[in-house]
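Asker: File work21.pdb follows (PDB, C-alpha atoms and all ligand atoms):
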ATOM      1  CA  MET A   1      67.476 -22.846 -80.869
ATOM      2  CA  SER A   2      67.298 -21.666 -84.483
ATOM      3  CA  ASP A   3      70.469 -23.650 -85.246
ATOM      4  CA  ASN A   4      68.794 -27.036 -84.619
ATOM      5  CA  VAL A   5      66.185 -29.008 -86.514
ATOM      6  CA  THR A   6      64.077 -31.825 -85.066
ATOM      7  CA  ILE A   7      62.164 -34.223 -87.301
ATOM      8  CA  ALA A   8      59.243 -36.277 -85.922
ATOM      9  CA  ILE A   9      58.974 -39.734 -87.447
ATOM     10  CA  SER A  10      57.251 -43.029 -86.626
ATOM     11  CA  LYS A  11      59.224 -46.228 -86.406
ATOM     12  CA  GLY A  12      58.476 -49.132 -88.691
ATOM     13  CA  ARG A  13      57.567 -48.666 -92.320
ATOM     14  CA  ILE A  14      57.987 -44.876 -92.526
ATOM     15  CA  PHE A  15      61.311 -44.848 -90.690
ATOM     16  CA  THR A  16      62.676 -47.654 -92.868
ATOM     17  CA  GLU A  17      61.560 -46.043 -96.121
ATOM     18  CA  ALA A  18      62.714 -42.559 -95.054
ATOM     19  CA  LEU A  19      66.258 -43.724 -94.239
ATOM     20  CA  PRO A  20      67.545 -43.637 -97.857
ATOM     21  CA  LEU A  21      66.010 -40.182 -98.364
ATOM     22  CA  LEU A  22      67.645 -38.887 -95.200
ATOM     23  CA  ALA A  23      70.918 -40.481 -96.318
ATOM     24  CA  GLY A  24      70.568 -38.436 -99.502
ATOM     25  CA  LEU A  25      70.744 -35.363 -97.249
ATOM     26  CA  ASN A  26      73.698 -36.949 -95.446
ATOM     27  CA  ILE A  27      71.552 -37.425 -92.328
ATOM     28  CA  ARG A  28      72.182 -40.783 -90.669
ATOM     29  CA  PRO A  29      70.564 -41.712 -87.334
ATOM     30  CA  GLU A  30      73.069 -42.895 -84.738
ATOM     31  CA  GLN A  31      70.576 -45.218 -82.995
ATOM     32  CA  ASP A  32      68.099 -47.796 -84.302
ATOM     33  CA  PRO A  33      64.587 -47.108 -82.926
ATOM     34  CA  ASP A  34      63.884 -50.871 -82.911
ATOM     35  CA  VAL A  35      66.805 -51.398 -80.546
ATOM     36  CA  THR A  36      67.118 -48.319 -78.347
ATOM     37  CA  ARG A  37      64.505 -47.185 -75.810
ATOM     38  CA  LYS A  38      65.518 -43.580 -76.500
ATOM     39  CA  LEU A  39      62.872 -41.481 -78.252
ATOM     40  CA  ILE A  40      65.229 -38.717 -79.343
ATOM     41  CA  LEU A  41      67.755 -40.046 -81.828
ATOM     42  CA  THR A  42      70.949 -38.187 -82.583
ATOM     43  CA  THR A  43      72.302 -38.162 -86.118
ATOM     44  CA  ASN A  44      75.697 -37.673 -87.707
ATOM     45  CA  GLN A  45      74.605 -34.030 -88.155
ATOM     46  CA  PRO A  46      74.940 -32.342 -84.745
ATOM     47  CA  ASP A  47      72.113 -29.913 -85.613
ATOM     48  CA  VAL A  48      69.568 -32.588 -86.691
ATOM     49  CA  LYS A  49      67.671 -34.881 -84.301
ATOM     50  CA  LEU A  50      64.876 -37.382 -84.938
ATOM     51  CA  ILE A  51      61.918 -37.651 -82.533
ATOM     52  CA  VAL A  52      60.274 -41.091 -82.544
ATOM     53  CA  VAL A  53      56.485 -40.839 -82.057
ATOM     54  CA  ARG A  54      53.306 -42.723 -83.023
ATOM     55  CA  ALA A  55      52.365 -42.190 -86.684
ATOM     56  CA  THR A  56      49.117 -40.454 -85.730
ATOM     57  CA  ASP A  57      50.924 -38.098 -83.339
ATOM     58  CA  VAL A  58      53.390 -36.684 -85.896
ATOM     59  CA  PRO A  59      51.160 -33.720 -86.973
ATOM     60  CA  THR A  60      50.511 -32.794 -83.321
ATOM     61  CA  TYR A  61      54.215 -32.604 -82.472
ATOM     62  CA  VAL A  62      54.832 -30.507 -85.565
ATOM     63  CA  GLU A  63      51.845 -28.178 -85.198
ATOM     64  CA  TYR A  64      52.832 -27.290 -81.634
ATOM     65  CA  GLY A  65      56.487 -26.850 -82.563
ATOM     66  CA  ALA A  66      57.667 -29.733 -80.372
ATOM     67  CA  ALA A  67      59.267 -30.854 -83.650
ATOM     68  CA  ASP A  68      60.159 -28.524 -86.527
ATOM     69  CA  MET A  69      59.391 -31.032 -89.239
ATOM     70  CA  GLY A  70      57.762 -34.433 -89.513
ATOM     71  CA  ILE A  71      57.071 -37.300 -91.866
ATOM     72  CA  ALA A  72      53.421 -38.384 -91.921
ATOM     73  CA  GLY A  73      51.140 -40.485 -94.117
ATOM     74  CA  LYS A  74      48.495 -38.643 -96.128
ATOM     75  CA  ASP A  75      45.912 -40.841 -94.356
ATOM     76  CA  VAL A  76      47.012 -39.387 -91.016
ATOM     77  CA  LEU A  77      47.038 -35.837 -92.409
ATOM     78  CA  MET A  78      43.521 -36.198 -93.845
ATOM     79  CA  GLU A  79      42.243 -37.160 -90.391
ATOM     80  CA  TYR A  80      44.139 -34.431 -88.561
ATOM     81  CA  THR A  81      41.936 -31.598 -87.359
ATOM     82  CA  GLY A  82      44.602 -29.300 -85.939
ATOM     83  CA  ASN A  83      45.307 -25.721 -86.897
ATOM     84  CA  GLY A  84      47.646 -26.475 -89.698
ATOM     85  CA  VAL A  85      51.175 -27.286 -90.727
ATOM     86  CA  TYR A  86      52.889 -26.751 -94.048
ATOM     87  CA  GLU A  87      52.944 -29.804 -96.322
ATOM     88  CA  PRO A  88      55.612 -28.848 -98.857
ATOM     89  CA  LEU A  89      56.722 -32.203-100.217
ATOM     90  CA  ASP A  90      55.377 -35.628-101.171
ATOM     91  CA  LEU A  91      58.151 -38.090-100.321
ATOM     92  CA  GLN A  92      56.440 -40.860-102.298
ATOM     93  CA  ILE A  93      57.250 -43.449 -99.648
ATOM     94  CA  ALA A  94      54.893 -45.816 -97.753
ATOM     95  CA  ARG A  95      52.573 -45.753-100.752
ATOM     96  CA  CYS A  96      49.218 -47.471-100.629
ATOM     97  CA  LYS A  97      45.546 -46.732-101.215
ATOM     98  CA  MET A  98      42.743 -45.974 -98.831
ATOM     99  CA  VAL A  99      39.855 -48.155 -99.952
ATOM    100  CA  LEU A 100      36.282 -49.025 -99.161
ATOM    101  CA  ALA A 101      36.078 -52.810 -98.919
ATOM    102  CA  ALA A 102      33.248 -55.299 -98.581
ATOM    103  CA  PRO A 103      32.914 -59.072 -98.177
ATOM    104  CA  LYS A 104      33.405 -60.901-101.476
ATOM    105  CA  ASN A 105      30.065 -61.614-103.187
ATOM    106  CA  SER A 106      28.153 -59.476-100.697
ATOM    107  CA  LYS A 107      24.734 -58.213-101.739
ATOM    108  CA  GLU A 108      23.767 -54.588-102.008
ATOM    109  CA  ILE A 109      22.906 -53.133 -98.604
ATOM    110  CA  ASN A 110      19.379 -51.808 -98.248
ATOM    111  CA  GLY A 111      19.008 -49.337 -95.443
ATOM    112  CA  ARG A 112      21.762 -47.604 -93.579
ATOM    113  CA  LEU A 113      25.257 -48.877 -94.319
ATOM    114  CA  ARG A 114      27.522 -49.571 -91.348
ATOM    115  CA  VAL A 115      31.194 -48.849 -92.016
ATOM    116  CA  ALA A 116      34.019 -49.661 -89.601
ATOM    117  CA  THR A 117      37.224 -47.643 -89.810
ATOM    118  CA  LYS A 118      39.882 -45.745 -87.938
ATOM    119  CA  TYR A 119      39.506 -42.991 -90.566
ATOM    120  CA  VAL A 120      36.237 -41.540 -89.294
ATOM    121  CA  ILE A 121      36.558 -38.013 -90.722
ATOM    122  CA  THR A 122      37.728 -39.096 -94.165
ATOM    123  CA  THR A 123      35.018 -41.758 -94.326
ATOM    124  CA  ARG A 124      32.300 -39.300 -93.301
ATOM    125  CA  ASN A 125      33.490 -36.815 -95.957
ATOM    126  CA  TYR A 126      33.626 -39.527 -98.614
ATOM    127  CA  PHE A 127      30.018 -40.592 -98.069
ATOM    128  CA  ALA A 128      28.805 -37.016 -97.544
ATOM    129  CA  ASP A 129      30.182 -36.141-101.003
ATOM    130  CA  GLN A 130      27.919 -38.884-102.353
ATOM    131  CA  GLY A 131      24.945 -37.600-100.352
ATOM    132  CA  ARG A 132      24.894 -40.853 -98.439
ATOM    133  CA  GLN A 133      24.351 -41.124 -94.693
ATOM    134  CA  VAL A 134      26.189 -44.016 -93.100
ATOM    135  CA  GLU A 135      26.795 -45.263 -89.596
ATOM    136  CA  ILE A 136      30.503 -45.120 -88.867
ATOM    137  CA  ILE A 137      31.974 -47.431 -86.246
ATOM    138  CA  LYS A 138      35.347 -46.265 -84.954
ATOM    139  CA  LEU A 139      37.998 -48.940 -84.567
ATOM    140  CA  TYR A 140      41.710 -48.604 -83.835
ATOM    141  CA  GLY A 141      42.944 -51.583 -85.875
ATOM    142  CA  SER A 142      42.118 -54.986 -87.349
ATOM    143  CA  MET A 143      39.268 -53.374 -89.302
ATOM    144  CA  GLU A 144      39.131 -56.437 -91.588
ATOM    145  CA  LEU A 145      37.492 -58.416 -88.791
ATOM    146  CA  ALA A 146      34.432 -56.158 -88.581
ATOM    147  CA  PRO A 147      32.482 -57.480 -91.615
ATOM    148  CA  VAL A 148      33.509 -61.055 -90.862
ATOM    149  CA  LEU A 149      31.961 -60.831 -87.384
ATOM    150  CA  GLY A 150      28.927 -58.776 -88.423
ATOM    151  CA  LEU A 151      30.081 -55.604 -86.671
ATOM    152  CA  ALA A 152      29.897 -53.642 -89.925
ATOM    153  CA  ASP A 153      28.875 -54.126 -93.560
ATOM    154  CA  GLN A 154      32.007 -52.578 -95.024
ATOM    155  CA  ILE A 155      35.340 -51.075 -93.924
ATOM    156  CA  VAL A 156      37.606 -48.222 -94.914
ATOM    157  CA  ASP A 157      41.262 -49.187 -94.550
ATOM    158  CA  LEU A 158      44.623 -49.029 -96.284
ATOM    159  CA  MET A 159      45.520 -51.527 -98.977
ATOM    160  CA  ASP A 160      48.891 -52.206-100.546
ATOM    161  CA  THR A 161      49.232 -55.767-101.864
ATOM    162  CA  GLY A 162      45.597 -56.568-101.014
ATOM    163  CA  ASN A 163      46.761 -59.618 -99.038
ATOM    164  CA  THR A 164      45.125 -58.555 -95.780
ATOM    165  CA  LEU A 165      41.745 -57.955 -97.431
ATOM    166  CA  ARG A 166      41.957 -61.228 -99.364
ATOM    167  CA  ALA A 167      42.957 -63.242 -96.301
ATOM    168  CA  ASN A 168      39.771 -62.046 -94.619
ATOM    169  CA  GLY A 169      37.411 -62.616 -97.547
ATOM    170  CA  LEU A 170      37.125 -58.932 -98.499
ATOM    171  CA  VAL A 171      37.488 -57.093-101.820
ATOM    172  CA  PRO A 172      38.099 -53.401-102.511
ATOM    173  CA  ILE A 173      35.018 -51.747-104.014
ATOM    174  CA  ALA A 174      36.220 -48.108-104.283
ATOM    175  CA  THR A 175      39.428 -46.122-103.928
ATOM    176  CA  ILE A 176      39.027 -43.168-101.585
ATOM    177  CA  ALA A 177      42.562 -41.757-101.796
ATOM    178  CA  GLU A 178      46.087 -42.490-103.003
ATOM    179  CA  ILE A 179      48.333 -42.458 -99.936
ATOM    180  CA  SER A 180      52.012 -41.621 -99.517
ATOM    181  CA  SER A 181      54.058 -39.932 -96.818
ATOM    182  CA  ARG A 182      54.635 -36.193 -96.775
ATOM    183  CA  ILE A 183      57.107 -33.849 -95.151
ATOM    184  CA  ILE A 184      55.278 -31.458 -92.870
ATOM    185  CA  VAL A 185      56.773 -28.317 -91.334
ATOM    186  CA  ASN A 186      55.797 -26.179 -88.350
ATOM    187  CA  LYS A 187      54.703 -22.752 -89.581
ATOM    188  CA  ALA A 188      56.887 -20.756 -87.176
ATOM    189  CA  SER A 189      59.912 -22.997 -87.805
ATOM    190  CA  MET A 190      59.557 -22.453 -91.551
ATOM    191  CA  LYS A 191      60.060 -18.723 -90.903
ATOM    192  CA  MET A 192      62.541 -18.800 -88.019
ATOM    193  CA  LYS A 193      64.709 -21.633 -89.315
ATOM    194  CA  HIS A 194      64.345 -21.112 -93.042
ATOM    195  CA  GLU A 195      68.107 -21.044 -93.537
ATOM    196  CA  LEU A 196      68.281 -24.641 -92.341
ATOM    197  CA  ILE A 197      64.909 -25.927 -93.529
ATOM    198  CA  LYS A 198      64.676 -24.434 -97.038
ATOM    199  CA  PRO A 199      67.888 -26.081 -98.331
ATOM    200  CA  MET A 200      66.850 -29.385 -96.739
ATOM    201  CA  LEU A 201      63.505 -29.297 -98.568
ATOM    202  CA  LYS A 202      65.180 -28.393-101.845
ATOM    203  CA  LYS A 203      67.661 -31.233-101.542
ATOM    204  CA  LEU A 204      64.963 -33.694-100.438
ATOM    205  CA  ALA A 205      62.874 -32.807-103.493
ATOM    206  CA  ALA A 206      65.884 -33.586-105.692
ATOM    207  CA  VAL A 207      66.505 -36.887-103.888
ATOM    208  CA  VAL A 208      62.816 -37.879-104.220
ATOM    209  CA  ASN A 209      62.832 -37.082-107.948
ATOM    210  CA  LYS A 210      65.904 -39.256-108.471
ATOM    211  CA  THR A 211      64.441 -42.329-106.727
TER     212      THR A 211
HETATM  213  P1  LIG B 301      49.898 -45.930 -85.190
HETATM  214  O1  LIG B 301      51.108 -46.488 -84.541
HETATM  215  O2  LIG B 301      49.757 -44.444 -84.951
HETATM  216  O3  LIG B 301      48.640 -46.717 -84.964
HETATM  217  P2  LIG B 301      50.219 -47.347 -87.663
HETATM  218  O4  LIG B 301      50.243 -48.618 -86.902
HETATM  219  O5  LIG B 301      49.154 -47.167 -88.707
HETATM  220  O6  LIG B 301      50.180 -46.062 -86.737
HETATM  221  P3  LIG B 301      52.246 -47.943 -89.585
HETATM  222  O7  LIG B 301      51.571 -49.252 -89.803
HETATM  223  O8  LIG B 301      53.730 -47.884 -89.387
HETATM  224  O9  LIG B 301      51.637 -47.171 -88.343
HETATM  225  O10 LIG B 301      51.838 -47.029 -90.807
HETATM  226  C1  LIG B 301      52.394 -45.762 -90.938
HETATM  227  C2  LIG B 301      51.923 -45.170 -92.243
HETATM  228  O11 LIG B 301      52.367 -45.989 -93.331
HETATM  229  C3  LIG B 301      50.413 -45.080 -92.409
HETATM  230  O12 LIG B 301      49.921 -43.880 -91.836
HETATM  231  C4  LIG B 301      50.260 -45.100 -93.919
HETATM  232  O13 LIG B 301      50.466 -43.806 -94.459
HETATM  233  C5  LIG B 301      51.401 -46.020 -94.363
HETATM  234  N1  LIG B 301      50.981 -47.429 -94.523
HETATM  235  C6  LIG B 301      50.227 -48.151 -93.677
HETATM  236  N2  LIG B 301      50.034 -49.415 -94.134
HETATM  237  C7  LIG B 301      50.686 -49.485 -95.292
HETATM  238  C8  LIG B 301      50.894 -50.530 -96.237
HETATM  239  N3  LIG B 301      50.373 -51.734 -96.068
HETATM  240  N4  LIG B 301      51.667 -50.259 -97.302
HETATM  241  C9  LIG B 301      52.217 -49.049 -97.483
HETATM  242  N5  LIG B 301      52.041 -48.014 -96.631
HETATM  243  C10 LIG B 301      51.292 -48.223 -95.558
HETATM  244  C1  LIG B 302      48.272 -52.041 -92.892
HETATM  245  C2  LIG B 302      46.785 -51.779 -93.127
HETATM  246  C3  LIG B 302      46.268 -53.060 -93.712
HETATM  247  C4  LIG B 302      47.501 -53.631 -94.380
HETATM  248  C5  LIG B 302      47.306 -53.564 -95.854
HETATM  249  O1  LIG B 302      48.422 -52.744 -91.726
HETATM  250  O2  LIG B 302      46.127 -51.398 -91.922
HETATM  251  O3  LIG B 302      45.798 -53.923 -92.697
HETATM  252  O4  LIG B 302      48.620 -52.838 -94.006
HETATM  253  O5  LIG B 302      48.435 -54.020 -96.547
HETATM  254  P1  LIG B 302      48.301 -55.172 -97.681
HETATM  255  O6  LIG B 302      47.251 -54.723 -98.634
HETATM  256  O7  LIG B 302      49.670 -55.234 -98.303
HETATM  257  O8  LIG B 302      47.939 -56.440 -96.955
HETATM  258  P2  LIG B 302      49.881 -53.010 -91.108
HETATM  259  O9  LIG B 302      50.548 -54.122 -91.813
HETATM  260  O10 LIG B 302      50.665 -51.729 -91.056
HETATM  261  O11 LIG B 302      49.495 -53.420 -89.659
HETATM  262  P3  LIG B 302      48.830 -52.468 -88.569
HETATM  263  O12 LIG B 302      47.396 -52.239 -89.046
HETATM  264  O13 LIG B 302      48.906 -53.309 -87.342
HETATM  265  O14 LIG B 302      49.631 -51.197 -88.504
END
Would you kindly transcribe this structure into structure tokens?
Ligand code: ATP
Ligand code: PRP
Answerer:
Amino acid sequence: MSDNVTIAISKGRIFTEALPLLAGLNIRPEQDPDVTRKLILTTNQPDVKLIVVRATDVPTYVEYGAADMGIAGKDVLMEYTGNGVYEPLDLQIARCKMVLAAPKNSKEINGRLRVATKYVITTRNYFADQGRQVEIIKLYGSMELAPVLGLADQIVDLMDTGNTLRANGLVPIATIAEISSRIIVNKASMKMKHELIKPMLKKLAAVVNKT
């Protein structure tokens, strides 16, 4: 199998923004993940296939070698507790910030802060670095609702335009991390398939620097 490369990718924003970069490597998917029900997409390159998975599952597929490479947001990688993948390249796509946000005009919280987020590990580390104990409430989406409904005092979520925060009466109060998507590579694949993977990474780096 050392003559094939599989790349795990999530549909939506990352897929859309990765397409021009892949085109720079002359890799063009032959199916549209928004149309087909297939989860393994062929490309114009017979030795390159794309595996369509949930954004949060990309590191798992890559760590276990079910995919050789993957494209994952830094937010997802910061939360990932697996045994490790290589992260050789920042693709500078799907850029946003991970922020702490609070209701506009909210007062300082006395006592233990309650923070709702899907980024539990990153949030815990952020507050631990400040020597602050907080109660973290795990949610899987629509975090912006939590302060509005009194479920939490503040949230940790991604912000790009700020429209979602604004629409729900929230404002960012601190930036926790700058987020973009990275190429990740399975450690064994990097060794066994280096003749295929190394030139791809080199070319991708050149394409990223040009855009
Ligand atoms: P899952 O399907 O696993 O729940 P998701 O719904 O978060 O994932 P997307 O919304 O497609 O999946 O986000 C994929 C990645 O894109 C995120 O991990 C993050 O790195 C980045 N991202 C998310 N929201 C934005 C945004 N508003 N602007 C720019 N990049 C973003
Ligand atoms: C992401 C994120 C925020 C929003 C921020 O959600 O979870 O809610 O984008 O972007 P903005 O600052 O430009 O409004 P997304 O649109 O991906 O929806 P999802 O949470 O359902 O994935």
Asker: From the set A:Val99, A:Leu21, A:Ile176, A:Met192, which residue has the shortest atom-to-atom contact distance to ligand LIG 302 (chain B), counting only C-alpha atoms and all ligand atoms?
Answerer: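 Looking at the shortest contact to ligand LIG 302 (chain B), the residue is A:Val99.
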Asker: What does the PyMOL selection byres (((not hetatm)) within 6 of (chain B and resi 301)) select in this file, as a PyMOL selection string?
Answerer: chain A and resi 12-14+54-56+73-76+94-96+158-160+180-181
Asker: Got a sec: who's within 8 Å of Pro88 in chain A, counting all atoms listed in the file, leaving out chain neighbours fewer than 3 positions off, as a list in words?
Answerer: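 Once the nearby chain positions are removed, what remains is Arg182, Ile183, Ile184, Val185 and Leu201 of chain A.
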Asker: Output as a tab-separated table one row per residue of chain A within 7 Å of ligand LIG 302 (chain B): the closest atom pair and its distance in Å to one decimal place, counting only C-alpha atoms and all ligand atoms, sorted by chain and residue number ascending.
Answerer:
residue	atom	partner	partner_atom	distance
A:Gly141	CA	B:LIG302	O12	5.5
A:Ser142	CA	B:LIG302	O12	6.2
A:Asp157	CA	B:LIG302	O2	6.0
A:Leu158	CA	B:LIG302	C2	4.7
A:Met159	CA	B:LIG302	O6	3.7
A:Asp160	CA	B:LIG302	O6	3.6
A:Thr161	CA	B:LIG302	O7	3.6
A:Gly162	CA	B:LIG302	O6	3.4
A:Asn163	CA	B:LIG302	O8	4.0
A:Thr164	CA	B:LIG302	O8	3.7
A:Leu165	CA	B:LIG302	O8	6.4
Asker: Just want the 7 Å neighbourhood of Val207 in chain A, counted on only C-alpha atoms, with same-chain residues fewer than 4 positions away dropped. Output as a short mmCIF file (atom, residue, chain, number, x, y, z; two decimals) with C-alpha atoms, keeping the file's coordinate frame.
Answerer:
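Written output follows (around-v6.cif):
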data_model
loop_
_atom_site.label_atom_id
_atom_site.label_comp_id
_atom_site.auth_asym_id
_atom_site.auth_seq_id
_atom_site.Cartn_x
_atom_site.Cartn_y
_atom_site.Cartn_z
CA LEU A 21 66.01 -40.18 -98.36
CA GLY A 24 70.57 -38.44 -99.50
CA LYS A 203 67.66 -31.23 -101.54
CA THR A 211 64.44 -42.33 -106.73
#
Asker: What does the structure give for the distance between CA of Gly111 in chain A and CA of Gln154 in chain A, in Å to one decimal?
Answerer: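 That distance, rounded to one decimal, is 13.4 Å.
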Asker: Would you mind reading off the distance between CA of Leu113 in chain A and CA of Gly150 in chain A, one decimal, in Å?
Answerer: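 For CA of Leu113 in chain A relative to CA of Gly150 in chain A, the distance reads 12.1 Å.
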Asker: Which residues, named as in the file, does the PyMOL selection byres (((chain A and resi 40) around 9) and not hetatm) pick out? Answer as a ChimeraX atom specification.
Answerer: /A:38-39,41-42,49-52
Asker: Check what the PyMOL selection byres (((chain A and resi 7) around 7) and not hetatm) selects in the file above and give those residues as a VMD selection string.
Answerer: chain A and resid 5 to 6 8 to 9 49 to 51 67 to 70
Asker: In Å, how far is it from CA of Glu135 in chain A to CA of Ile155 in chain A?
Answerer: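 Rounded to one decimal, the two atoms are 11.2 Å apart.
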Asker: Residues near range 116-125 of chain A, anyone? I mean within 7 Å using only C-alpha atoms, not counting same-chain ones fewer than 6 positions away, as a ChimeraX atom specification.
Answerer: /A:78-79,136-141,143,146,152,154-157
Asker: Using only C-alpha atoms, which of the listed residues (A:Gln92, A:Asn44, A:Thr36, A:Ser10) sits closest to Val58 in chain A?
Answerer: A:Ser10
Asker: Closest to Glu87 in chain A among A:Leu170, A:Val62, A:Ala101, A:Val208, using all atoms listed in the file?
Answerer: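 Closest residue, counting all atoms listed in the file: A:Val62.
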Asker: From the options A:Ala128, A:Val85, A:Leu149, A:Leu100, which residue's atoms come nearest to Ala188 in chain A, counting all atoms listed in the file?
Answerer: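 Of the candidates, the smallest distance to Ala188 in chain A is held by A:Val85.
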Asker: Excluding Ser106 in chain A and any residue of its chain fewer than 3 positions from it, enumerate the residues within 12 Å of it, using all atoms listed in the file, and give them as a tab-separated table (two decimals) with C-alpha atoms, keeping the file's coordinate frame.
Answerer:
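Saved the output as around33.tsv:
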chain	number	residue	atom	x	y	z
A	101	ALA	CA	36.08	-52.81	-98.92
A	102	ALA	CA	33.25	-55.30	-98.58
A	103	PRO	CA	32.91	-59.07	-98.18
A	109	ILE	CA	22.91	-53.13	-98.60
A	110	ASN	CA	19.38	-51.81	-98.25
A	147	PRO	CA	32.48	-57.48	-91.62
A	148	VAL	CA	33.51	-61.06	-90.86
A	153	ASP	CA	28.88	-54.13	-93.56
A	154	GLN	CA	32.01	-52.58	-95.02
A	169	GLY	CA	37.41	-62.62	-97.55
A	170	LEU	CA	37.12	-58.93	-98.50
A	171	VAL	CA	37.49	-57.09	-101.82
A	172	PRO	CA	38.10	-53.40	-102.51
A	173	ILE	CA	35.02	-51.75	-104.01
Asker: Pick the closest to Phe15 in chain A from A:Pro199, A:Pro29, A:Pro46, A:Gly131: which is it, counting only C-alpha atoms?
Answerer: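 Looking only at the distances to Phe15 in chain A, the closest residue turns out to be A:Pro29.
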Asker: Could you check the closest approach to Val48 in chain A for each of A:Ala205, A:Leu89, A:Ile197, A:Ala177 and tell me which residue wins, using all atoms listed in the file?
Answerer: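 The answer is A:Ile197, which sits nearest to Val48 in chain A.
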